[in-house]
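Asks: Sharing a structure below in structure tokens format, with a few things to ask.
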Protein chains: 2
Amino acid sequence: MSSNPAPIKVGAVLFTGFELLDVFGPLELFGMLGERVAITMLAENRGSIRSHQGPACVADEALAGAHGLDVLLIPGGQGTRREVSNQPFLDELRRQSDKARFVATVCTGSGLLAKTGALDGMRATSNKFSFKWAVSQGPRVKWVAAARWVEDGRFFTSSGVSAGMDMALGLIARMFDKETSIKAAEHAEYEWHQDRDWDPFAKLNGLA
Amino acid sequence: MSSNPAPIKVGAVLFTGFELLDVFGPLELFGMLGERVAITMLAENRGSIRSHQGPACVADEALAGAHGLDVLLIPGGQGTRREVSNQPFLDELRRQSDKARFVATVCTGSGLLAKTGALDGMRATSNKFSFKWAVSQGPRVKWVAAARWVEDGRFFTSSGVSAGMDMALGLIARMFDKETSIKAAEHAEYEWHQDRDWDPFAKLNGLA
């Protein structure tokens, strides 16, 4: 018997036009857990994938090949507008979402997940500058307009871009404990917004 | 004559073991400027470069081939401990630093830049959990222990990891104006720490 449990497997989904911080904010914080976490980059096909901002990152594995994920991380970005019409990708996203222990979305990633039907009947939030678009992708989702992030069972959905970092710390607290999240935030010199209801950006967009 | 000025050229430096958020936090915020900014990923050699956390990203261009940079962005991460002994890389980093309009470092990236001598006589800060290491790389730098970020002429140096986002907004304010930074932060749903002297992490590490 090993004294160390198996690492938490985090799989982050890339697609052309993904939003950089949606992916790398949460992964930075998961990365603070060191050997307790193993990160894999996933996409419809392996290879390099260009973000909305320009930089390209490498998908190590095809989404269809992923298994045993503790966390499926789905970012947003302009590319979601195209991917909601990519049925094979949506089917695989749904299959992975059904299998993963936790599913976490950032920004318009919740719109993409909603389009698969996986969020039907669940409480969820999304980017506050594209909230109507997200809502239009999942009419049976219980959308929450004002929230930094929302937890409903094994689904963690966050507000826009940087909100993914606060949500990731919430998810780390769920999987480990709050002290682990506080340490991860400190080492990233990040001020964690622990209050899930903190959302000045909903007000800014007339959503609260 | 075009009605639009040429985009601001931002070059981000990658090396094996770079810290994800050091790179992608600032690039997310620069990316919010849309067509006013063009981002290039640089490394000693072109190709895919693995971060400290695992994910690999693509360097589009060799560092030696970069020219006309408005911002040279230098991240930190465990890889800095190796790169301070890589003299050809340090020489090229110094050459690019001398040419760039602004040089911005995140976390232990200031230790790497200090090793080139470019920060001699300048005020600079660094990660608060690895501060002594950074200081040891540049004995002639005027190190500032407590600061979210430090501006000295064309050099912007930030504290650890997430501090790079606050610094990037400070640099955007310098290059454009404060309103542009506020809008970029809002669209990233990010709460900008505008106070350069805000640094609870210095206190946490007995540096203030």
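Residue numbering restarts at 1 in every chain; chains get A, B, ... in the order shown in the structure tokens, and ligands count up from 1 in that same order.
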I need the chain B residues near chain A as a PyMOL selection string; criterion: at most 10 Å, counting only C-alpha atoms.
Replies: chain B and resi 12+19-35+37-41+48-50+52-60+107+127-129+148+159-164+185-191+193+199-202+204
Asks: Would you list the contacts of Gly170 of chain B as a PyMOL selection string, taking every protein, DNA or RNA residue within 12 Å and counting only C-alpha atoms, but skipping same-chain residues closer than 3 positions in sequence?
Replies: chain B and resi 26+29-30+104+148-151+155-158+163-167+173-182+184-185+192-196
Asks: Generate a file of the selected residues that holds C-alpha atoms, formatted as a PDB file, in the first residue's frame.
Replies:
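Wrote result-v3.pdb, looks like this:
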ATOM      1  CA  PRO B  26      -1.301  39.234 -18.227  1.00  0.00           C
ATOM      2  CA  LEU B  29      -5.834  41.253 -19.998  1.00  0.00           C
ATOM      3  CA  PHE B  30      -3.766  42.435 -22.965  1.00  0.00           C
ATOM      4  CA  ALA B 104       7.414  43.331 -17.600  1.00  0.00           C
ATOM      5  CA  ARG B 148       2.033  44.355  -5.570  1.00  0.00           C
ATOM      6  CA  TRP B 149       4.116  45.649  -8.433  1.00  0.00           C
ATOM      7  CA  VAL B 150       6.876  48.211  -9.009  1.00  0.00           C
ATOM      8  CA  GLU B 151       7.284  50.609 -11.931  1.00  0.00           C
ATOM      9  CA  PHE B 155      10.555  48.257 -16.150  1.00  0.00           C
ATOM     10  CA  PHE B 156       7.406  46.796 -14.569  1.00  0.00           C
ATOM     11  CA  THR B 157       8.074  44.000 -12.071  1.00  0.00           C
ATOM     12  CA  SER B 158       5.352  42.211 -10.154  1.00  0.00           C
ATOM     13  CA  ALA B 163       0.078  39.890  -9.186  1.00  0.00           C
ATOM     14  CA  GLY B 164       1.019  39.863 -12.865  1.00  0.00           C
ATOM     15  CA  MET B 165      -2.601  40.645 -13.728  1.00  0.00           C
ATOM     16  CA  ASP B 166      -2.616  43.782 -11.572  1.00  0.00           C
ATOM     17  CA  MET B 167       0.720  44.840 -13.087  1.00  0.00           C
ATOM     18  CA  ALA B 173      -2.898  52.280 -18.041  1.00  0.00           C
ATOM     19  CA  ARG B 174       0.579  53.606 -18.840  1.00  0.00           C
ATOM     20  CA  MET B 175       0.356  52.738 -22.551  1.00  0.00           C
ATOM     21  CA  PHE B 176      -3.297  53.716 -23.037  1.00  0.00           C
ATOM     22  CA  ASP B 177      -5.157  55.193 -20.066  1.00  0.00           C
ATOM     23  CA  LYS B 178      -6.726  54.093 -16.790  1.00  0.00           C
ATOM     24  CA  GLU B 179     -10.212  53.823 -18.276  1.00  0.00           C
ATOM     25  CA  THR B 180      -8.896  51.238 -20.763  1.00  0.00           C
ATOM     26  CA  SER B 181      -7.493  49.177 -17.864  1.00  0.00           C
ATOM     27  CA  ILE B 182     -10.768  49.392 -15.940  1.00  0.00           C
ATOM     28  CA  ALA B 184     -10.264  45.307 -19.576  1.00  0.00           C
ATOM     29  CA  ALA B 185     -10.605  44.237 -15.933  1.00  0.00           C
ATOM     30  CA  TRP B 192      -8.118  45.052 -10.128  1.00  0.00           C
ATOM     31  CA  HIS B 193      -5.895  45.851  -7.133  1.00  0.00           C
ATOM     32  CA  GLN B 194      -4.995  49.344  -8.304  1.00  0.00           C
ATOM     33  CA  ASP B 195      -2.850  50.084  -5.246  1.00  0.00           C
ATOM     34  CA  ARG B 196       0.731  49.103  -6.071  1.00  0.00           C
TER      35      ARG B 196
END
Asks: Pick out each residue of segment 65-162 of chain A that DSSP on the backbone tags as helix (DSSP H, G or I); I need them as a PyMOL selection string.
Replies: chain A and resi 65+80-83+87-99+109-115+131-137
Asks: Next, the residues of the selection above should be written as a tab-separated table (two decimals), in the first residue's frame with C-alpha atoms.
Replies:
chain	number	residue	atom	x	y	z
A	65	GLY	CA	-9.81	8.89	-24.91
A	80	THR	CA	-18.09	28.32	-27.93
A	81	ARG	CA	-20.30	30.12	-30.49
A	82	ARG	CA	-19.03	27.67	-33.12
A	83	GLU	CA	-18.81	24.54	-30.94
A	87	GLN	CA	-22.68	17.82	-32.62
A	88	PRO	CA	-19.93	15.12	-32.45
A	89	PHE	CA	-18.01	17.34	-30.01
A	90	LEU	CA	-21.14	18.03	-27.94
A	91	ASP	CA	-21.91	14.28	-27.81
A	92	GLU	CA	-18.43	13.50	-26.52
A	93	LEU	CA	-18.56	16.40	-24.06
A	94	ARG	CA	-21.83	14.99	-22.70
A	95	ARG	CA	-20.37	11.48	-22.45
A	96	GLN	CA	-17.35	12.79	-20.52
A	97	SER	CA	-19.55	15.02	-18.38
A	98	ASP	CA	-21.70	12.01	-17.41
A	99	LYS	CA	-18.58	10.06	-16.37
A	109	GLY	CA	-18.34	27.16	-21.01
A	110	SER	CA	-21.64	26.69	-19.16
A	111	GLY	CA	-23.48	27.59	-22.38
A	112	LEU	CA	-21.56	24.87	-24.18
A	113	LEU	CA	-22.31	22.33	-21.45
A	114	ALA	CA	-25.96	23.45	-21.31
A	115	LYS	CA	-26.26	22.76	-25.04
A	131	PHE	CA	-25.43	35.89	-20.12
A	132	LYS	CA	-28.33	35.91	-22.60
A	133	TRP	CA	-26.37	33.77	-25.04
A	134	ALA	CA	-25.64	31.18	-22.33
A	135	VAL	CA	-29.30	31.15	-21.26
A	136	SER	CA	-30.36	30.61	-24.88
A	137	GLN	CA	-28.28	27.41	-25.03
Asks: Can you pull out the residues contacting Arg123 of chain B? Cut-off 7 Å, using only C-alpha atoms, and skip same-chain residues under 2 positions away; I want them as a VMD selection string.
Replies: chain B and resid 121 141 to 144 150 152
Asks: Quote the spacing between atom CA of Asp70 of chain A and atom CA of Ile172 of chain A in Å to one decimal place.
Replies: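 Taking atom CA of Asp70 of chain A and atom CA of Ile172 of chain A, their separation equals 11.3 Å.
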Asks: In segment 123-174 of chain A, what's strand (DSSP E) per DSSP? Answer as a ChimeraX atom specification?
Replies: /A:123-124,142-143,149-152,155-158
